[in-house]
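J.: Next comes query00.tsv, TSV, C-alpha atoms:
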```
chain	number	residue	atom	x	y	z
A	1	MET	CA	-10.54	18.64	-0.91
A	2	SER	CA	-7.14	19.97	-2.01
A	3	PHE	CA	-4.33	21.60	-0.10
A	4	THR	CA	-4.03	25.39	-0.07
A	5	SER	CA	-0.84	26.95	-1.45
A	6	VAL	CA	0.53	27.62	2.06
A	7	VAL	CA	-0.21	24.05	3.15
A	8	ARG	CA	1.40	22.67	-0.01
A	9	ARG	CA	4.47	24.82	0.62
A	10	ASP	CA	4.86	23.68	4.23
A	11	LEU	CA	4.16	20.06	3.41
A	12	ALA	CA	6.74	20.12	0.61
A	13	LEU	CA	9.28	21.62	3.01
A	14	VAL	CA	8.59	18.93	5.61
A	15	ALA	CA	8.84	16.13	3.05
A	16	ALA	CA	12.06	17.52	1.56
A	17	GLY	CA	13.62	18.13	4.97
A	18	ARG	CA	12.69	14.72	6.31
A	19	GLY	CA	13.94	13.08	3.13
A	20	ALA	CA	17.27	14.91	3.33
A	21	SER	CA	17.63	13.95	6.98
A	22	MET	CA	16.85	10.30	6.26
A	23	LEU	CA	19.44	10.29	3.47
A	24	GLY	CA	22.01	11.76	5.85
A	25	ASP	CA	21.12	9.23	8.55
A	26	GLU	CA	21.49	6.32	6.13
A	27	VAL	CA	24.89	7.61	5.03
A	28	ALA	CA	25.99	7.95	8.67
A	29	VAL	CA	24.75	4.44	9.55
A	30	ILE	CA	26.79	2.94	6.71
A	31	ALA	CA	29.85	4.99	7.71
A	32	LEU	CA	29.66	4.00	11.39
A	33	ALA	CA	28.99	0.32	10.63
A	34	LEU	CA	31.95	0.13	8.25
A	35	TRP	CA	34.20	1.92	10.76
A	36	ALA	CA	33.17	-0.39	13.61
A	37	SER	CA	33.54	-3.58	11.58
A	38	HIS	CA	36.98	-2.64	10.26
A	39	GLN	CA	38.67	-1.49	13.45
A	40	GLY	CA	39.32	-4.93	14.92
A	41	ARG	CA	36.28	-5.19	17.20
A	42	GLY	CA	34.02	-6.74	14.58
A	43	THR	CA	30.46	-7.73	15.44
A	44	LEU	CA	30.68	-6.62	19.10
A	45	ALA	CA	31.37	-3.03	18.08
A	46	VAL	CA	28.55	-3.06	15.53
A	47	ALA	CA	26.16	-4.55	18.13
A	48	ALA	CA	27.18	-1.87	20.66
A	49	LEU	CA	26.42	0.86	18.11
A	50	VAL	CA	23.01	-0.67	17.41
A	51	MET	CA	22.24	-0.72	21.13
A	52	ALA	CA	23.43	2.88	21.54
A	53	ALA	CA	21.13	3.95	18.71
A	54	THR	CA	18.10	2.00	19.94
A	55	LEU	CA	18.04	2.27	23.74
A	56	PRO	CA	17.38	6.04	23.91
A	57	GLN	CA	14.16	5.52	21.94
A	58	LEU	CA	12.99	3.01	24.54
A	59	LEU	CA	14.11	4.69	27.74
A	60	ALA	CA	13.48	8.35	26.94
A	61	ALA	CA	10.18	8.05	25.03
A	62	PRO	CA	7.90	9.19	27.93
A	63	TRP	CA	9.95	12.33	28.58
A	64	ALA	CA	10.29	13.03	24.86
A	65	GLY	CA	6.55	12.77	24.28
A	66	LEU	CA	5.78	15.12	27.18
A	67	LEU	CA	8.32	17.62	25.84
A	68	VAL	CA	6.68	17.51	22.41
A	69	ASP	CA	3.29	18.23	23.98
A	70	ARG	CA	4.66	21.14	26.02
A	71	LEU	CA	6.73	23.20	23.55
A	72	PRO	CA	6.02	24.80	20.15
A	73	ALA	CA	7.01	22.30	17.47
A	74	ARG	CA	9.07	24.57	15.22
A	75	ARG	CA	11.28	25.86	18.00
A	76	LEU	CA	11.72	22.40	19.51
A	77	ILE	CA	12.60	20.77	16.17
A	78	ALA	CA	15.02	23.54	15.20
A	79	SER	CA	16.80	23.40	18.56
A	80	VAL	CA	17.08	19.61	18.56
A	81	SER	CA	18.27	19.55	14.94
A	82	LEU	CA	21.03	22.05	15.68
A	83	ALA	CA	22.14	19.98	18.67
A	84	GLN	CA	22.17	16.86	16.49
A	85	ALA	CA	24.30	18.62	13.88
A	86	VAL	CA	26.87	19.56	16.53
A	87	THR	CA	26.81	16.01	17.94
A	88	CYS	CA	27.33	14.54	14.50
A	89	LEU	CA	30.33	16.78	13.89
A	90	ALA	CA	31.75	15.76	17.28
A	91	LEU	CA	31.71	12.16	16.05
A	92	VAL	CA	34.38	13.00	13.46
A	93	PRO	CA	37.33	13.36	15.91
A	94	ALA	CA	36.05	10.41	17.95
A	95	ILE	CA	36.09	8.22	14.85
A	96	GLY	CA	39.46	9.63	13.81
A	97	ALA	CA	40.93	8.61	17.18
A	98	ASP	CA	39.29	5.13	17.00
A	99	ASN	CA	37.62	5.93	20.34
A	100	LEU	CA	34.68	3.52	20.50
A	101	ALA	CA	33.55	4.67	23.97
A	102	ALA	CA	33.29	8.31	22.87
A	103	ALA	CA	31.52	7.27	19.67
A	104	LEU	CA	28.96	5.29	21.66
A	105	VAL	CA	28.23	8.23	23.97
A	106	LEU	CA	27.75	10.54	20.99
A	107	VAL	CA	25.51	8.04	19.20
A	108	VAL	CA	23.36	7.87	22.35
A	109	ALA	CA	23.15	11.69	22.38
A	110	LEU	CA	22.31	11.78	18.68
A	111	ASN	CA	19.45	9.34	19.14
A	112	LEU	CA	18.14	11.08	22.22
A	113	GLY	CA	17.57	13.98	19.87
A	114	GLN	CA	15.87	11.67	17.40
A	115	THR	CA	13.61	10.38	20.18
A	116	VAL	CA	12.29	13.94	20.56
A	117	ALA	CA	12.37	15.01	16.92
A	118	SER	CA	10.47	12.06	15.44
A	119	PRO	CA	7.22	12.44	17.45
A	120	ALA	CA	7.51	16.22	17.09
A	121	TRP	CA	7.45	15.93	13.29
A	122	GLN	CA	4.66	13.35	13.39
A	123	ALA	CA	2.51	15.55	15.62
A	124	LEU	CA	3.25	18.64	13.51
A	125	VAL	CA	1.99	17.24	10.19
A	126	PRO	CA	-1.70	17.13	11.27
A	127	SER	CA	-1.37	20.77	12.38
A	128	ILE	CA	-0.34	21.68	8.85
A	129	VAL	CA	-2.98	19.80	6.87
A	130	GLY	CA	-5.76	19.04	9.34
A	131	PRO	CA	-7.01	15.56	10.31
A	132	GLU	CA	-9.09	15.05	7.17
A	133	GLN	CA	-6.06	15.26	4.86
A	134	VAL	CA	-3.52	13.62	7.14
A	135	THR	CA	-3.40	10.35	5.17
A	136	ARG	CA	-2.34	12.13	1.98
A	137	ALA	CA	0.22	14.17	3.88
A	138	LEU	CA	1.69	11.14	5.64
A	139	SER	CA	1.88	9.32	2.31
A	140	LEU	CA	3.94	12.14	0.83
A	141	VAL	CA	6.33	12.31	3.80
A	142	GLN	CA	6.66	8.53	4.07
A	143	GLY	CA	7.25	8.25	0.33
A	144	THR	CA	10.03	10.83	0.46
A	145	THR	CA	11.77	9.14	3.37
A	146	ALA	CA	11.43	5.73	1.67
A	147	GLY	CA	13.09	7.19	-1.41
A	148	ALA	CA	15.93	8.43	0.77
A	149	MET	CA	16.25	4.96	2.31
A	150	LEU	CA	16.53	3.58	-1.21
A	151	LEU	CA	19.40	5.91	-2.09
A	152	GLY	CA	21.10	6.15	1.31
A	153	PRO	CA	23.04	2.87	1.49
A	154	ALA	CA	24.43	3.26	-2.03
A	155	VAL	CA	25.39	6.90	-1.45
A	156	GLY	CA	26.91	6.03	1.93
A	157	GLY	CA	28.97	3.17	0.56
A	158	LEU	CA	30.26	5.23	-2.35
A	159	LEU	CA	31.03	8.22	-0.14
A	160	VAL	CA	32.90	6.21	2.49
A	161	GLY	CA	34.82	4.37	-0.21
A	162	ALA	CA	35.77	7.55	-2.02
A	163	VAL	CA	36.52	10.07	0.75
A	164	GLY	CA	36.31	8.23	4.08
A	165	THR	CA	34.12	8.20	7.17
A	166	ALA	CA	34.49	11.83	8.31
A	167	PRO	CA	32.93	13.42	5.18
A	168	ALA	CA	30.07	10.94	5.39
A	169	LEU	CA	29.33	12.07	8.95
A	170	ALA	CA	29.58	15.68	7.82
A	171	VAL	CA	26.81	14.94	5.29
A	172	ASP	CA	24.55	13.84	8.15
A	173	ALA	CA	25.41	17.01	10.09
A	174	VAL	CA	24.42	19.11	7.07
A	175	SER	CA	21.12	17.21	6.84
A	176	PHE	CA	20.31	18.21	10.42
A	177	LEU	CA	21.06	21.83	9.58
A	178	VAL	CA	18.64	21.51	6.66
A	179	LEU	CA	15.98	20.27	9.09
A	180	ALA	CA	16.57	23.24	11.38
A	181	VAL	CA	16.16	25.64	8.46
A	182	VAL	CA	12.98	23.84	7.36
A	183	ALA	CA	11.49	24.13	10.85
A	184	VAL	CA	12.18	27.88	10.97
A	185	ALA	CA	10.79	28.40	7.45
A	186	LEU	CA	7.42	26.76	8.13
A	187	ARG	CA	4.33	28.96	8.30
A	188	HIS	CA	2.35	26.51	10.42
A	189	ASP	CA	3.22	25.51	13.95
A	190	ARG	CA	1.92	23.25	16.68
A	191	ARG	CA	1.60	25.39	19.81
A	192	PRO	CA	0.28	23.53	22.86
A	193	GLU	CA	-1.48	25.82	25.30
A	194	ARG	CA	0.60	26.69	28.34
A	195	SER	CA	-0.89	25.71	31.69
A	196	GLY	CA	0.52	25.82	35.18
A	197	VAL	CA	-1.59	22.78	36.12
A	198	ARG	CA	0.31	19.49	36.13
A	199	THR	CA	-1.53	16.24	36.77
A	200	LYS	CA	-0.32	12.92	38.09
A	201	GLY	CA	0.55	10.46	35.37
A	202	GLU	CA	0.63	12.99	32.54
A	203	MET	CA	3.89	11.51	31.25
A	204	SER	CA	2.10	8.21	30.58
A	205	ALA	CA	-1.01	9.80	29.04
A	206	GLY	CA	-0.12	8.56	25.56
A	207	ILE	CA	0.24	4.91	26.46
A	208	ARG	CA	-2.84	5.08	28.70
A	209	LEU	CA	-4.87	6.52	25.83
A	210	ILE	CA	-3.74	3.66	23.58
A	211	ALA	CA	-4.47	1.07	26.29
A	212	GLY	CA	-7.96	2.48	26.84
A	213	ASP	CA	-9.01	2.53	23.18
A	214	PRO	CA	-9.59	-0.96	21.68
A	215	LEU	CA	-8.86	0.26	18.15
A	216	LEU	CA	-5.58	1.97	19.02
A	217	ARG	CA	-4.58	-0.93	21.24
A	218	SER	CA	-5.17	-3.35	18.38
A	219	VAL	CA	-3.18	-1.25	15.94
A	220	LEU	CA	-0.28	-1.00	18.40
A	221	VAL	CA	-0.21	-4.76	18.99
A	222	LEU	CA	-0.39	-5.43	15.26
A	223	VAL	CA	2.35	-2.92	14.38
A	224	SER	CA	4.58	-4.26	17.15
A	225	ALA	CA	4.09	-7.87	16.03
A	226	LEU	CA	4.88	-6.94	12.45
A	227	ALA	CA	7.97	-5.03	13.59
A	228	LEU	CA	9.06	-8.13	15.52
A	229	ALA	CA	8.45	-10.34	12.49
A	230	ALA	CA	10.12	-7.94	10.06
A	231	GLY	CA	13.11	-7.56	12.38
A	232	ALA	CA	13.60	-11.33	12.46
A	233	VAL	CA	13.33	-11.44	8.67
A	234	ASN	CA	15.95	-8.68	8.35
A	235	VAL	CA	18.37	-10.68	10.48
A	236	SER	CA	17.67	-13.89	8.56
A	237	GLU	CA	17.45	-12.63	4.99
A	238	ILE	CA	21.18	-12.23	4.44
A	239	PHE	CA	21.72	-15.91	5.27
A	240	LEU	CA	18.83	-16.98	3.04
A	241	ILE	CA	20.18	-15.00	0.09
A	242	THR	CA	23.90	-15.65	0.42
A	243	ARG	CA	23.97	-19.18	1.88
A	244	THR	CA	20.75	-20.99	1.12
A	245	LEU	CA	20.27	-19.49	-2.36
A	246	GLY	CA	23.99	-19.06	-3.00
A	247	ALA	CA	23.92	-15.44	-4.22
A	248	GLY	CA	26.62	-12.80	-3.65
A	249	PRO	CA	26.59	-9.53	-1.71
A	250	GLU	CA	25.56	-7.61	-4.83
A	251	ALA	CA	22.34	-9.62	-5.05
A	252	TYR	CA	21.67	-9.06	-1.35
A	253	GLY	CA	22.14	-5.32	-1.81
A	254	ALA	CA	19.83	-5.32	-4.83
A	255	ILE	CA	17.11	-7.12	-2.87
A	256	GLY	CA	17.50	-4.58	-0.08
A	257	ALA	CA	16.96	-1.84	-2.65
A	258	LEU	CA	13.81	-3.60	-3.89
A	259	PHE	CA	12.49	-3.67	-0.32
A	260	ALA	CA	13.04	0.10	-0.04
A	261	ALA	CA	11.34	0.57	-3.42
A	262	GLY	CA	8.42	-1.41	-2.02
A	263	LEU	CA	8.25	0.97	0.95
A	264	LEU	CA	8.00	3.89	-1.47
A	265	LEU	CA	5.29	2.19	-3.53
A	266	GLY	CA	3.34	1.22	-0.43
A	267	ALA	CA	3.35	4.80	0.87
A	268	VAL	CA	1.94	5.97	-2.48
A	269	LEU	CA	-0.72	3.25	-2.57
A	270	ALA	CA	-1.95	4.26	0.90
A	271	ARG	CA	-2.38	7.94	0.03
A	272	LYS	CA	-6.17	7.82	-0.48
A	273	VAL	CA	-8.04	9.69	2.24
A	274	ARG	CA	-9.82	7.15	4.48
A	275	ASP	CA	-11.79	7.20	7.71
A	276	VAL	CA	-10.68	4.99	10.59
A	277	VAL	CA	-13.14	2.25	9.65
A	278	SER	CA	-11.82	1.74	6.12
A	279	ALA	CA	-8.23	2.28	7.27
A	280	GLY	CA	-8.60	-0.42	9.93
A	281	ARG	CA	-10.08	-2.90	7.49
A	282	LEU	CA	-7.38	-2.19	4.92
A	283	LEU	CA	-4.80	-2.70	7.66
A	284	VAL	CA	-6.12	-6.24	8.11
A	285	ARG	CA	-5.65	-6.98	4.40
A	286	VAL	CA	-2.18	-5.42	4.43
A	287	THR	CA	-1.17	-7.61	7.37
A	288	ILE	CA	-2.35	-10.74	5.58
A	289	SER	CA	-0.39	-9.69	2.49
A	290	MET	CA	2.78	-9.09	4.52
A	291	ALA	CA	2.44	-12.43	6.32
A	292	LEU	CA	1.97	-14.33	3.05
A	293	SER	CA	4.93	-12.51	1.51
A	294	MET	CA	7.14	-13.53	4.45
A	295	VAL	CA	6.07	-17.15	4.00
A	296	VAL	CA	6.84	-17.00	0.26
A	297	LEU	CA	10.20	-15.42	1.04
A	298	GLY	CA	11.04	-18.20	3.49
A	299	LEU	CA	10.08	-20.89	0.97
A	300	ALA	CA	11.52	-19.11	-2.10
A	301	PRO	CA	13.11	-21.67	-4.46
A	302	THR	CA	14.93	-19.05	-6.52
A	303	LEU	CA	16.50	-15.64	-6.09
A	304	ALA	CA	13.85	-14.02	-8.31
A	305	VAL	CA	11.02	-15.29	-6.10
A	306	ALA	CA	12.87	-14.07	-2.98
A	307	ALA	CA	13.34	-10.63	-4.55
A	308	LEU	CA	9.66	-10.27	-5.42
A	309	ALA	CA	8.59	-11.48	-1.97
A	310	SER	CA	10.95	-9.03	-0.26
A	311	MET	CA	9.57	-6.17	-2.34
A	312	SER	CA	6.03	-7.26	-1.46
A	313	VAL	CA	6.91	-7.14	2.24
A	314	GLY	CA	8.19	-3.61	1.66
A	315	VAL	CA	4.95	-2.56	-0.07
A	316	GLY	CA	2.95	-3.79	2.90
A	317	ASN	CA	5.31	-2.09	5.33
A	318	GLY	CA	4.95	1.22	3.51
A	319	MET	CA	1.16	1.00	3.59
A	320	LEU	CA	1.22	-0.07	7.24
A	321	ASN	CA	3.22	3.01	8.25
A	322	VAL	CA	0.77	5.43	6.63
A	323	LEU	CA	-2.43	3.67	7.73
A	324	ALA	CA	-1.34	3.15	11.34
A	325	GLN	CA	-0.18	6.75	11.78
A	326	SER	CA	-3.38	8.12	10.24
A	327	ILE	CA	-5.49	6.04	12.64
A	328	PHE	CA	-3.46	7.27	15.62
A	329	VAL	CA	-3.90	10.90	14.50
A	330	ARG	CA	-7.65	10.58	14.02
A	331	ARG	CA	-8.27	8.76	17.30
A	332	SER	CA	-5.99	10.81	19.60
A	333	PRO	CA	-6.68	14.21	21.19
A	334	SER	CA	-4.22	16.76	19.82
A	335	ALA	CA	-3.02	17.62	23.33
A	336	VAL	CA	-1.43	14.19	23.79
A	337	LEU	CA	-0.43	13.42	20.21
A	338	GLY	CA	3.29	13.81	20.95
A	339	ARG	CA	3.10	11.30	23.79
A	340	VAL	CA	1.06	8.91	21.65
A	341	PHE	CA	3.68	8.92	18.89
A	342	ALA	CA	6.49	8.67	21.42
A	343	ALA	CA	4.82	5.60	22.95
A	344	LEU	CA	4.41	4.08	19.48
A	345	GLN	CA	8.07	4.77	18.71
A	346	GLY	CA	9.22	3.20	21.97
A	347	VAL	CA	7.14	0.03	21.64
A	348	VAL	CA	8.10	-0.54	18.00
A	349	GLY	CA	11.75	0.16	18.82
A	350	ALA	CA	11.61	-2.43	21.60
A	351	ALA	CA	10.10	-4.97	19.19
A	352	MET	CA	12.86	-4.37	16.65
A	353	LEU	CA	15.55	-4.68	19.32
A	354	VAL	CA	14.10	-7.96	20.60
A	355	ALA	CA	13.78	-9.24	17.03
A	356	THR	CA	17.43	-8.48	16.27
A	357	GLY	CA	18.71	-10.27	19.36
A	358	LEU	CA	16.25	-13.14	19.30
A	359	GLY	CA	16.67	-13.67	15.57
A	360	GLY	CA	20.42	-14.07	16.00
A	361	VAL	CA	19.91	-16.63	18.77
A	362	LEU	CA	17.25	-18.60	16.90
A	363	LEU	CA	19.39	-18.81	13.77
A	364	GLY	CA	21.81	-20.90	15.80
A	365	VAL	CA	19.21	-23.57	16.53
A	366	ILE	CA	16.68	-23.56	13.65
A	367	ASP	CA	16.84	-23.36	9.88
A	368	VAL	CA	16.70	-19.91	8.30
A	369	ARG	CA	13.68	-20.83	6.18
A	370	THR	CA	11.80	-21.99	9.29
A	371	LEU	CA	12.54	-18.70	11.06
A	372	ILE	CA	11.28	-16.56	8.17
A	373	VAL	CA	8.12	-18.65	7.69
A	374	GLY	CA	7.59	-18.54	11.45
A	375	SER	CA	7.79	-14.74	11.33
A	376	GLY	CA	4.93	-14.72	8.84
A	377	ALA	CA	2.97	-17.06	11.11
A	378	LEU	CA	3.55	-14.68	14.04
A	379	ALA	CA	1.94	-11.85	12.04
A	380	VAL	CA	-1.13	-14.03	11.40
A	381	VAL	CA	-1.44	-14.99	15.08
A	382	ALA	CA	-1.24	-11.32	16.10
A	383	LEU	CA	-3.89	-10.41	13.53
A	384	LEU	CA	-6.26	-13.13	14.78
A	385	ALA	CA	-5.82	-11.83	18.33
A	386	VAL	CA	-6.69	-8.20	17.56
A	387	SER	CA	-8.72	-8.24	14.34
A	388	ARG	CA	-12.14	-7.68	15.89
A	389	PRO	CA	-11.73	-3.96	16.76
A	390	LEU	CA	-10.16	-3.38	13.33
A	391	LEU	CA	-13.14	-4.91	11.53
A	392	MET	CA	-15.88	-3.40	13.71
A	393	THR	CA	-17.20	0.13	13.40
A	394	PRO	CA	-15.59	2.15	16.23
A	395	PRO	CA	-17.25	5.06	18.03
A	396	PRO	CA	-17.25	8.34	16.08
A	397	GLU	CA	-13.99	10.24	16.04
A	398	GLY	CA	-13.88	12.50	19.08
A	399	ALA	CA	-16.32	10.30	21.06
A	400	PRO	CA	-15.43	9.62	24.70
A	401	HIS	CA	-13.70	6.28	24.10
A	402	ARG	CA	-10.95	6.72	26.68
A	403	PRO	CA	-10.98	6.31	30.48
A	404	ASP	CA	-12.36	9.16	32.57
A	405	ALA	CA	-9.06	9.63	34.42
A	406	LEU	CA	-7.29	10.18	31.15
A	407	ALA	CA	-9.95	12.55	29.89
A	408	LEU	CA	-9.49	14.67	33.00
A	409	SER	CA	-5.72	14.81	32.66
A	410	VAL	CA	-5.94	15.67	28.97
A	411	GLY	CA	-8.51	18.37	29.52
A	412	SER	CA	-6.07	20.64	31.34
A	413	GLU	CA	-3.34	20.39	28.75
A	414	GLY	CA	-4.72	22.46	25.93
A	415	GLY	CA	-4.63	21.90	22.19
A	416	GLU	CA	-2.71	23.15	19.20
A	417	THR	CA	-2.99	26.08	16.87
A	418	SER	CA	-1.60	26.84	13.49
```
So, in terms of structure tokens, how does the structure I just supplied come out?

T.:
Amino acid sequence: MSFTSVVRRDLALVAAGRGASMLGDEVAVIALALWASHQGRGTLAVAALVMAATLPQLLAAPWAGLLVDRLPARRLIASVSLAQAVTCLALVPAIGADNLAAALVLVVALNLGQTVASPAWQALVPSIVGPEQVTRALSLVQGTTAGAMLLGPAVGGLLVGAVGTAPALAVDAVSFLVLAVVAVALRHDRRPERSGVRTKGEMSAGIRLIAGDPLLRSVLVLVSALALAAGAVNVSEIFLITRTLGAGPEAYGAIGALFAAGLLLGAVLARKVRDVVSAGRLLVRVTISMALSMVVLGLAPTLAVAALASMSVGVGNGMLNVLAQSIFVRRSPSAVLGRVFAALQGVVGAAMLVATGLGGVLLGVIDVRTLIVGSGALAVVALLAVSRPLLMTPPPEGAPHRPDALALSVGSEGGETS
């Protein structure tokens, strides 16, 4: 089955818009990190910015998911993107005045918008292509964003070095304007049915759906464990490359680029249309591959081995993103898809935040190689704990696999139309 011309047009717009936004975000991250590290506050300022960017995704996820499942996607995305563009521009005078407090408040506001926009985009893609083609569509979008991640740090560094922080932030503002234009230009939309009926616990419908479905619960645990492991590896890798293996910052940057290239390759490799059974079984193999790659990275005797292992972790990560999202789309009622993706975003964000903090603490008491190898072992333990639902044949898609209370609350919320 191939995409129609209208679907191809909308999907290309989404991929291009998301890629442009990711490029702008990467440029802004580099600009803010360099500003914070060079203004005399050092690591504390950088850590504060990381917290300001991460906490909104954890605390506001339930409200964001409900908003996504209540409003038409195009209008919501366009409005949020415009607000993010204005917020990004407001960062320019705050940075110019070296006002860290104002910058932190604006970063929180910027990422509150992202907490809404991300599940809105994820829920919109199945409305464009339909559930049967969602894996191919997610592969295209994930591949485009991975390509932007590959280019972003280099573009950000060059831009900040050449013209300063303010123009770099302006680039991110322009990328949000591009997203707003893309949302308006789409032919398809996700339009949840309006209903005056509100049920108790509807804000938590996404996480309750995941908790009630053994397959979704297993995927969430596995993705969270891998995010925790990958976060610890990210914290540790710079010390492995620059201290243990004795390489310079250029080599570390090159290995980071190889990881991003692996993300792109993994998204492409996962593009084949699969049902939830084959996707779940492939997810098991991908997890094993990622775990082994982390172990090889931790034990790498040379820089070349470390580079290949890091790229292999990226390939697995890229495949994981596509496979997990496709399973969530196929196993979730459309009426709660925004809340499902918001819950996924919040849990994974929490895992990454814990990994960043815990990794820094553990590096003070154990060897960097031990921490990276231990991260791979954590992925294996998580897989052993949840592998059974991934390897078994689940109920047919659309079967009543969720609790009755959830089914009742979902039933009054309507669906989506294109």

J.: List the neighbours of Leu67 of chain A out to 10 Å using only C-alpha atoms; skip same-chain residues closer than 3 positions along the sequence, and give me the result as a PyMOL selection string.

T.: chain A and resi 61-64+70-73+76+116+119-120+203+338-339

J.: Which one is closest to Val46 of chain A: A:Val178, A:Val368, A:Ala377, A:Val29? Count only C-alpha atoms.

T.: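 The answer is A:Val29, which sits nearest to Val46 of chain A.
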
J.: With all atoms listed in the file as the atoms that count, which of A:Ile30, A:Ala230, A:Leu216, A:Met392 lies nearest to Leu353 of chain A?

T.: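 Closest residue, counting all atoms listed in the file: A:Ala230.
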
J.: In Å, with one decimal, what is the gap from atom CA of Leu362 of chain A to atom CA of Ala47 of chain A?

T.: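 Calculated distance between atom CA of Leu362 of chain A and atom CA of Ala47 of chain A is 16.7 Å.
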
J.: Have a look at A:Ala267, A:Pro167, A:Val233, A:Gly357 and name the one nearest to Leu89 of chain A; count only C-alpha atoms.

T.: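 Among A:Ala267, A:Pro167, A:Val233, A:Gly357, it is A:Pro167 that comes nearest to Leu89 of chain A.
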
J.: Around (19.5, 6.7, 23.2), as given in the file, which residues come within 12 Å? Count only C-alpha atoms and list them as a PDB file with C-alpha atoms, keeping the file's coordinate frame.

T.:
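Saved as result-v5.pdb:
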```pdb
ATOM      1  CA  ALA A  48      27.180  -1.870  20.660  1.00  0.00           C
ATOM      2  CA  LEU A  49      26.420   0.860  18.110  1.00  0.00           C
ATOM      3  CA  VAL A  50      23.010  -0.670  17.410  1.00  0.00           C
ATOM      4  CA  MET A  51      22.240  -0.720  21.130  1.00  0.00           C
ATOM      5  CA  ALA A  52      23.430   2.880  21.540  1.00  0.00           C
ATOM      6  CA  ALA A  53      21.130   3.950  18.710  1.00  0.00           C
ATOM      7  CA  THR A  54      18.100   2.000  19.940  1.00  0.00           C
ATOM      8  CA  LEU A  55      18.040   2.270  23.740  1.00  0.00           C
ATOM      9  CA  PRO A  56      17.380   6.040  23.910  1.00  0.00           C
ATOM     10  CA  GLN A  57      14.160   5.520  21.940  1.00  0.00           C
ATOM     11  CA  LEU A  58      12.990   3.010  24.540  1.00  0.00           C
ATOM     12  CA  LEU A  59      14.110   4.690  27.740  1.00  0.00           C
ATOM     13  CA  ALA A  60      13.480   8.350  26.940  1.00  0.00           C
ATOM     14  CA  ALA A  61      10.180   8.050  25.030  1.00  0.00           C
ATOM     15  CA  ALA A  64      10.290  13.030  24.860  1.00  0.00           C
ATOM     16  CA  LEU A 104      28.960   5.290  21.660  1.00  0.00           C
ATOM     17  CA  VAL A 105      28.230   8.230  23.970  1.00  0.00           C
ATOM     18  CA  LEU A 106      27.750  10.540  20.990  1.00  0.00           C
ATOM     19  CA  VAL A 107      25.510   8.040  19.200  1.00  0.00           C
ATOM     20  CA  VAL A 108      23.360   7.870  22.350  1.00  0.00           C
ATOM     21  CA  ALA A 109      23.150  11.690  22.380  1.00  0.00           C
ATOM     22  CA  LEU A 110      22.310  11.780  18.680  1.00  0.00           C
ATOM     23  CA  ASN A 111      19.450   9.340  19.140  1.00  0.00           C
ATOM     24  CA  LEU A 112      18.140  11.080  22.220  1.00  0.00           C
ATOM     25  CA  GLY A 113      17.570  13.980  19.870  1.00  0.00           C
ATOM     26  CA  GLN A 114      15.870  11.670  17.400  1.00  0.00           C
ATOM     27  CA  THR A 115      13.610  10.380  20.180  1.00  0.00           C
ATOM     28  CA  VAL A 116      12.290  13.940  20.560  1.00  0.00           C
ATOM     29  CA  GLY A 346       9.220   3.200  21.970  1.00  0.00           C
ATOM     30  CA  GLY A 349      11.750   0.160  18.820  1.00  0.00           C
TER      31      GLY A 349
END
```

J.: Please report the interatomic distance between atom CA of Leu358 of chain A and atom CA of Ile372 of chain A in Å with one decimal.

T.: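 It comes out at 12.7 Å.
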
J.: I'd like to know which of A:Leu169, A:Val181, A:Ala85, A:Leu124 is closest to Glu26 of chain A, using only C-alpha atoms.

T.: A:Leu169

J.: With distances taken over all atoms listed in the file, which of A:Leu292, A:Leu138, A:Leu226, A:Ile207 is nearest to Leu269 of chain A?

T.: A:Leu138

J.: Grab the atom CA of Pro126 of chain A to atom CA of Ser224 of chain A distance for me, in Å with one decimal place.

T.: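 Between these atoms lies a distance of 23.1 Å.
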